[in-house]
$ cat protein-v1.tsv   # TSV, C-alpha atoms
chain	number	residue	atom	x	y	z
A	1	MET	CA	92.12	95.93	64.27
A	2	ALA	CA	94.86	98.49	64.84
A	3	SER	CA	95.21	101.18	62.17
A	4	GLU	CA	98.45	101.72	60.26
A	5	GLU	CA	98.96	105.00	62.13
A	6	SER	CA	98.66	103.35	65.54
A	7	LYS	CA	101.09	100.63	64.47
A	8	LYS	CA	103.64	103.27	63.51
A	9	ASN	CA	103.27	104.90	66.95
A	10	ASP	CA	103.45	101.63	68.87
A	11	PRO	CA	106.48	101.77	71.25
A	12	VAL	CA	107.62	98.29	70.25
A	13	GLN	CA	107.49	99.26	66.59
A	14	LEU	CA	109.34	102.52	67.29
A	15	ARG	CA	112.12	100.69	69.07
A	16	SER	CA	112.35	98.11	66.29
A	17	VAL	CA	112.60	100.70	63.49
A	18	PHE	CA	115.04	102.86	65.42
A	19	GLY	CA	117.21	99.88	66.37
A	20	ALA	CA	117.42	98.71	62.75
A	21	ASN	CA	118.25	102.23	61.55
A	22	LEU	CA	120.90	102.72	64.22
A	23	ARG	CA	122.55	99.40	63.35
A	24	GLN	CA	122.73	100.48	59.71
A	25	LEU	CA	124.11	103.92	60.55
A	26	SER	CA	126.68	102.43	62.91
A	27	ALA	CA	127.89	99.81	60.43
A	28	ARG	CA	130.41	102.23	58.84
A	29	TYR	CA	132.25	102.56	62.17
A	30	PRO	CA	134.69	99.73	62.98
A	31	SER	CA	134.47	100.21	66.76
A	32	VAL	CA	131.22	100.52	68.70
A	33	ALA	CA	133.22	101.65	71.73
A	34	GLY	CA	134.82	104.43	69.69
A	35	LEU	CA	131.45	105.47	68.29
A	36	CYS	CA	129.99	105.63	71.81
A	37	ARG	CA	132.84	107.91	72.86
A	38	GLU	CA	132.20	110.17	69.87
A	39	LEU	CA	128.48	110.32	70.74
A	40	GLY	CA	129.00	110.62	74.49
A	41	ILE	CA	126.62	107.72	75.13
A	42	ASN	CA	127.12	104.88	77.60
A	43	ARG	CA	128.08	101.67	75.76
A	44	THR	CA	125.49	99.55	77.63
A	45	GLN	CA	122.70	102.00	76.86
A	46	PHE	CA	123.79	102.23	73.22
A	47	ASN	CA	123.57	98.43	72.93
A	48	ARG	CA	120.00	98.64	74.25
A	49	TYR	CA	119.18	101.03	71.40
A	50	LEU	CA	120.80	98.69	68.87
A	51	SER	CA	118.86	95.68	70.16
A	52	ALA	CA	115.56	97.62	70.17
A	53	GLU	CA	115.17	97.28	73.93
A	54	SER	CA	114.74	101.03	74.39
A	55	PHE	CA	114.93	104.31	72.54
A	56	PRO	CA	116.64	107.53	73.63
A	57	ARG	CA	115.45	110.61	75.44
A	58	PRO	CA	114.79	113.63	73.19
A	59	ASP	CA	118.17	115.25	73.97
A	60	VAL	CA	120.05	112.01	73.22
A	61	LEU	CA	118.01	111.45	70.05
A	62	HIS	CA	118.91	114.98	68.93
A	63	ARG	CA	122.60	114.20	69.51
A	64	ILE	CA	122.37	110.97	67.49
A	65	CYS	CA	120.49	112.65	64.63
A	66	LYS	CA	122.98	115.51	64.49
A	67	PHE	CA	125.95	113.14	64.50
A	68	PHE	CA	124.59	110.96	61.66
A	69	ASP	CA	123.00	113.92	59.80
A	70	VAL	CA	119.44	112.51	59.85
A	71	ASP	CA	116.24	113.77	61.45
A	72	ALA	CA	113.76	112.36	63.97
A	73	ARG	CA	112.06	110.30	61.28
A	74	VAL	CA	114.78	107.81	62.15
A	75	LEU	CA	112.20	106.58	64.71
A	76	LEU	CA	109.54	105.93	62.09
A	77	GLU	CA	111.03	105.25	58.66
A	78	PRO	CA	113.88	103.19	57.19
A	79	VAL	CA	117.03	105.28	57.22
A	80	ASP	CA	117.57	104.81	53.47
A	81	SER	CA	114.47	106.91	52.83
A	82	ILE	CA	115.56	109.82	55.01
A	83	ALA	CA	119.34	109.94	54.70
A	84	PRO	CA	120.76	112.96	52.82
A	85	LYS	CA	121.09	112.36	49.11
A	86	THR	CA	124.45	114.08	48.87
A	87	VAL	CA	127.43	111.77	49.38
A	88	ASP	CA	130.94	112.96	50.16
A	89	VAL	CA	133.64	111.66	47.85
A	90	PHE	CA	135.13	109.26	50.41
A	91	HIS	CA	131.74	107.56	50.84
A	92	HIS	CA	130.87	107.46	47.15
A	93	PRO	CA	129.93	103.84	46.27
A	94	ILE	CA	132.90	103.56	43.92
A	95	VAL	CA	135.52	104.15	46.68
A	96	GLU	CA	133.69	103.67	49.99
A	97	ASP	CA	135.12	100.18	50.60
A	98	PHE	CA	138.60	101.58	49.95
A	99	LEU	CA	138.54	105.01	51.63
A	100	GLY	CA	135.21	105.27	53.47
A	101	LYS	CA	136.50	104.15	56.88
A	102	SER	CA	139.97	105.60	56.47
A	103	GLY	CA	139.60	108.38	59.04
A	104	SER	CA	137.07	106.83	61.39
A	105	SER	CA	139.28	103.80	62.00
A	106	ILE	CA	142.18	105.82	63.46
A	107	SER	CA	142.03	105.41	67.24
A	108	GLU	CA	143.24	107.98	69.76
A	109	SER	CA	145.96	105.56	70.85
A	110	GLU	CA	147.24	105.29	67.26
A	111	PHE	CA	147.22	109.03	66.57
A	112	PRO	CA	145.79	111.30	69.29
A	113	SER	CA	143.81	114.48	68.89
A	114	GLY	CA	145.41	117.72	69.97
A	115	VAL	CA	148.32	120.01	69.11
A	116	PHE	CA	151.37	118.74	67.22
A	117	ARG	CA	154.71	120.44	66.63
A	118	PHE	CA	156.16	119.57	63.22
A	119	SER	CA	159.42	120.24	61.41
A	120	ARG	CA	160.79	119.53	57.94
A	121	PRO	CA	163.22	121.03	55.41
A	122	SER	CA	161.79	124.00	53.53
A	123	PHE	CA	160.47	123.31	50.05
A	124	VAL	CA	161.28	126.81	48.82
A	125	SER	CA	164.44	127.83	50.67
A	126	GLU	CA	167.48	125.56	50.74
A	127	GLU	CA	169.45	125.45	54.01
A	128	GLN	CA	166.31	126.40	55.94
A	129	PHE	CA	163.62	124.44	57.76
A	130	VAL	CA	159.95	124.91	58.56
A	131	ILE	CA	158.66	124.48	62.09
A	132	GLY	CA	155.07	125.01	63.17
A	133	LEU	CA	151.95	123.78	64.93
A	134	LEU	CA	149.07	121.69	63.61
A	135	TYR	CA	145.79	120.76	65.29
A	136	VAL	CA	144.34	117.26	64.88
A	137	PHE	CA	140.70	116.72	65.81
A	138	ARG	CA	137.78	114.32	65.36
A	139	ARG	CA	134.36	115.25	64.01
A	140	ASP	CA	131.49	113.26	62.50
A	141	GLY	CA	133.47	110.06	62.75
A	142	GLN	CA	136.48	111.34	60.78
A	143	THR	CA	139.95	112.65	61.73
A	144	PHE	CA	141.00	116.07	60.48
A	145	VAL	CA	143.98	118.43	60.67
A	146	ARG	CA	144.16	122.22	60.57
A	147	GLY	CA	147.09	124.62	60.49
A	148	PHE	CA	148.66	127.62	58.78
A	149	GLU	CA	151.50	127.85	56.29
A	150	ALA	CA	154.50	129.98	57.28
A	151	LYS	CA	154.24	133.64	56.29
A	152	GLN	CA	157.80	133.73	54.94
A	153	ALA	CA	157.13	130.73	52.71
A	154	MET	CA	154.00	132.39	51.32
A	155	LEU	CA	155.90	135.58	50.53
A	156	GLN	CA	158.66	133.64	48.77
A	157	GLN	CA	155.98	132.11	46.54
A	158	GLY	CA	154.51	135.53	45.76
A	159	ILE	CA	151.29	134.87	47.71
A	160	GLU	CA	149.79	137.42	50.08
A	161	PRO	CA	150.14	135.88	53.58
A	162	THR	CA	146.62	136.57	54.82
A	163	VAL	CA	145.07	134.23	57.38
A	164	ARG	CA	142.61	133.01	54.73
A	165	ASN	CA	145.40	132.25	52.23
A	166	ARG	CA	147.62	130.59	54.81
A	167	GLU	CA	145.03	128.24	56.31
A	168	ILE	CA	145.48	124.52	55.61
A	169	ARG	CA	142.99	121.77	56.29
A	170	GLY	CA	143.17	118.07	55.61
A	171	ILE	CA	142.05	114.56	56.41
A	172	LEU	CA	143.95	111.69	58.01
A	173	ILE	CA	143.86	108.28	56.35
A	174	LYS	CA	144.80	105.09	58.17
A	175	GLN	CA	147.66	103.10	56.64
A	176	GLU	CA	149.08	99.69	57.43
A	177	GLN	CA	152.19	101.13	59.09
A	178	GLY	CA	150.98	104.57	60.16
A	179	VAL	CA	148.82	107.41	58.90
A	180	ALA	CA	148.70	109.51	55.76
A	181	ILE	CA	147.59	113.14	55.62
A	182	LEU	CA	146.04	114.74	52.54
A	183	ALA	CA	145.90	118.51	53.06
A	184	ALA	CA	145.32	121.62	50.97
A	185	ARG	CA	144.94	125.35	51.07
A	186	ARG	CA	141.49	126.80	50.46
A	187	GLY	CA	140.21	125.89	47.00
A	188	SER	CA	142.78	123.10	46.67
A	189	THR	CA	145.17	125.62	45.10
A	190	THR	CA	148.03	123.49	46.42
A	191	CYS	CA	148.00	120.08	48.07
A	192	SER	CA	150.43	118.02	50.10
A	193	PHE	CA	150.62	114.35	50.97
A	194	SER	CA	152.38	113.15	54.10
A	195	PHE	CA	153.06	109.75	55.64
A	196	LEU	CA	153.96	109.26	59.30
A	197	SER	CA	154.82	106.26	61.44
A	198	ARG	CA	155.32	106.19	65.19
A	199	VAL	CA	158.79	106.36	66.69
A	200	ALA	CA	159.63	104.44	69.85
A	201	SER	CA	160.41	107.11	72.46
A	202	PHE	CA	160.16	107.70	76.19
A	203	GLN	CA	156.79	109.47	75.99
A	204	ASN	CA	155.69	107.67	72.81
A	205	ASN	CA	154.75	111.03	71.26
A	206	TYR	CA	156.87	111.22	68.08
A	207	TRP	CA	156.12	110.27	64.48
A	208	GLU	CA	158.50	110.44	61.52
A	209	GLY	CA	157.95	110.22	57.79
A	210	TYR	CA	157.89	112.53	54.81
A	211	ALA	CA	155.86	115.21	53.07
A	212	ALA	CA	155.38	115.69	49.33
A	213	ARG	CA	153.93	118.72	47.56
A	214	THR	CA	151.99	118.73	44.31
A	215	ILE	CA	154.11	120.83	41.97
A	216	ALA	CA	155.72	120.21	38.61
A	217	GLU	CA	159.36	119.12	38.51
A	218	SER	CA	161.73	122.05	38.58
A	219	ILE	CA	165.45	122.70	38.82
A	220	THR	CA	165.27	124.40	42.21
A	221	GLY	CA	163.35	123.45	45.32
A	222	GLN	CA	162.37	120.10	46.78
A	223	ARG	CA	159.14	118.22	46.25
A	224	VAL	CA	159.66	115.57	48.95
A	225	ALA	CA	161.26	115.97	52.36
A	226	ARG	CA	161.48	114.18	55.69
A	227	MET	CA	159.03	115.32	58.36
A	228	VAL	CA	158.72	114.94	62.15
A	229	PHE	CA	155.55	115.24	64.24
A	230	GLU	CA	155.60	115.66	68.03
A	231	HIS	CA	152.41	115.57	70.10
A	232	VAL	CA	152.75	118.57	72.43
A	233	SER	CA	149.24	118.97	73.89
A	234	GLY	CA	149.71	119.87	77.54
A	235	ASN	CA	153.27	121.06	76.93
A	236	THR	CA	152.70	124.81	77.16
A	237	GLU	CA	156.39	125.69	76.84
A	238	ALA	CA	156.75	123.72	73.58
A	239	MET	CA	153.60	125.24	72.10
A	240	LEU	CA	154.52	128.83	73.03
A	241	SER	CA	158.13	128.56	71.86
A	242	THR	CA	157.00	127.04	68.54
A	243	ALA	CA	154.34	129.73	68.09
A	244	ARG	CA	156.98	132.42	68.61
A	245	LEU	CA	159.51	130.79	66.29
A	246	GLY	CA	156.93	129.46	63.79
A	247	GLY	CA	157.98	129.56	60.15
A	248	LEU	CA	161.33	129.34	58.45
A	249	CYS	CA	164.27	128.65	60.73
A	250	SER	CA	167.85	127.39	60.76
A	251	THR	CA	169.25	124.04	61.86
A	252	ASP	CA	170.15	125.53	65.25
A	253	ASP	CA	166.47	126.37	65.90
A	254	LEU	CA	165.26	122.79	65.51
A	255	PRO	CA	164.42	120.83	68.68
A	256	ALA	CA	167.29	118.38	69.25
A	257	TYR	CA	165.26	115.22	68.78
A	258	HIS	CA	163.62	116.64	65.65
A	259	ALA	CA	167.05	117.26	64.15
A	260	ARG	CA	168.04	113.68	64.94
A	261	LEU	CA	164.93	112.20	63.33
A	262	LEU	CA	165.31	114.41	60.25
A	263	ARG	CA	168.72	112.75	59.69
A	264	LEU	CA	170.37	115.94	58.53
A	265	GLY	CA	172.99	115.38	55.86
A	266	GLN	CA	171.55	112.03	54.78
A	267	VAL	CA	169.93	111.79	51.35
A	268	PHE	CA	166.17	111.10	51.48
A	269	GLN	CA	165.33	107.74	49.93

$ encode --input "protein-v1.tsv" --output "structure tokens"
Amino acid sequence: MASEESKKNDPVQLRSVFGANLRQLSARYPSVAGLCRELGINRTQFNRYLSAESFPRPDVLHRICKFFDVDARVLLEPVDSIAPKTVDVFHHPIVEDFLGKSGSSISESEFPSGVFRFSRPSFVSEEQFVIGLLYVFRRDGQTFVRGFEAKQAMLQQGIEPTVRNREIRGILIKQEQGVAILAARRGSTTCSFSFLSRVASFQNNYWEGYAARTIAESITGQRVARMVFEHVSGNTEAMLSTARLGGLCSTDDLPAYHARLLRLGQVFQ
């Protein structure tokens, strides 16, 4: 009679345990095709792993373990017993069904990775606008954004404009009619919420919406303003000109189509 140890090392048993674990780990992702792209694994081969027909080479296993944040025991033990105990807030049991798949379900066709040029009215300086660059990227099944607040805006708020203070990071959340962005400076000292929906255009690379900042109501300054996003990856001229201009600017500095989408002179509703 085979010992328990030999049963655990049996190739059929290994494939069965790994297949079951991989199906459980993959369940949080709405698209197997998208997950395969994230992992860099052929869809047909990935299906063989899921159905316990085969298990991966060591280098592919390492890639899978790193992506899902588990170790090689995924071949031998149920994933529930080896998964990290810490749970990020979006996958906490209380909100996972509401927010858990919010970033992983945004496809590249809906909102691509890469560099975006954005513009909006300034929150701190009337008659001026903010123009800059943001970087959208995917990692660990989620969609993130990174950028830097304008130096002039930081100075007007009495904040030292160091790179560390200016850096902004956030997460994208899928919405019924577009995407939302929740972003903050380091330590969540200030946060912003933005909503964007795609605009029909020749290159299909524009989004319009609004941005709101988390401050108390005051007599001066805006808390909500229209915003425009333009996907400019591959457009070196647009990226360089925006990098040079970056920060507070006048109406005349806005790209023509940005100015049109911002509906200058019309009250935001």

$ residues_around --input "protein-v1.tsv" --residues "A:Ala153" --least-positions-apart "3" --cutoff "10 Å" --atoms "all atoms listed in the file" --output "compact mmCIF listing (two decimals) with C-alpha atoms, in the frame of the given file"
# COMPACT_ATOMS: atom_id res chain seq x y z
CA SER A 122 161.79 124.00 53.53
CA PHE A 123 160.47 123.31 50.05
CA VAL A 124 161.28 126.81 48.82
CA SER A 125 164.44 127.83 50.67
CA VAL A 130 159.95 124.91 58.56
CA GLU A 149 151.50 127.85 56.29
CA ALA A 150 154.50 129.98 57.28
CA GLN A 156 158.66 133.64 48.77
CA GLN A 157 155.98 132.11 46.54
CA GLY A 158 154.51 135.53 45.76
CA ILE A 159 151.29 134.87 47.71
CA PRO A 161 150.14 135.88 53.58
CA ARG A 166 147.62 130.59 54.81
CA GLY A 247 157.98 129.56 60.15
CA LEU A 248 161.33 129.34 58.45

$ closest_residue --input "protein-v1.tsv" --among "A:Ala200, A:Val70, A:Ala20, A:Leu133" --to "A:Thr242" --atoms "only C-alpha atoms"
A:Leu133

$ atom_distance --input "protein-v1.tsv" --atom1 "atom CA of A:Lys174" --atom2 "atom CA of A:Arg186"
23.3 Å

$ atom_distance --input "protein-v1.tsv" --atom1 "atom CA of A:Phe98" --atom2 "atom CA of A:Arg120"
29.6 Å

$ atom_distance --input "protein-v1.tsv" --atom1 "atom CA of A:Lys66" --atom2 "atom CA of A:Leu39"
9.8 Å

$ closest_residue --input "protein-v1.tsv" --among "A:Thr251, A:Ser105, A:Gln128, A:Gln45" --to "A:Gln222" --atoms "all atoms listed in the file"
A:Gln128

$ closest_residue --input "protein-v1.tsv" --among "A:Phe18, A:Phe195, A:Phe148, A:Tyr29" --to "A:Glu77" --atoms "all atoms listed in the file"
A:Phe18

$ closest_residue --input "protein-v1.tsv" --among "A:Ala27, A:Val163, A:Val136, A:Ile131" --to "A:Met227" --atoms "only C-alpha atoms"
A:Ile131

$ residues_around --input "protein-v1.tsv" --residues "A:Val179" --least-positions-apart "5" --cutoff "9 Å" --atoms "all atoms listed in the file" --output "PDB file with C-alpha atoms, keeping the file's coordinate frame"
ATOM      1  CA  ILE A 106     142.180 105.820  63.460  1.00  0.00           C
ATOM      2  CA  GLU A 110     147.240 105.290  67.260  1.00  0.00           C
ATOM      3  CA  PHE A 111     147.220 109.030  66.570  1.00  0.00           C
ATOM      4  CA  LEU A 172     143.950 111.690  58.010  1.00  0.00           C
ATOM      5  CA  ILE A 173     143.860 108.280  56.350  1.00  0.00           C
ATOM      6  CA  LYS A 174     144.800 105.090  58.170  1.00  0.00           C
ATOM      7  CA  SER A 194     152.380 113.150  54.100  1.00  0.00           C
ATOM      8  CA  PHE A 195     153.060 109.750  55.640  1.00  0.00           C
ATOM      9  CA  LEU A 196     153.960 109.260  59.300  1.00  0.00           C
ATOM     10  CA  SER A 197     154.820 106.260  61.440  1.00  0.00           C
TER      11      SER A 197
END
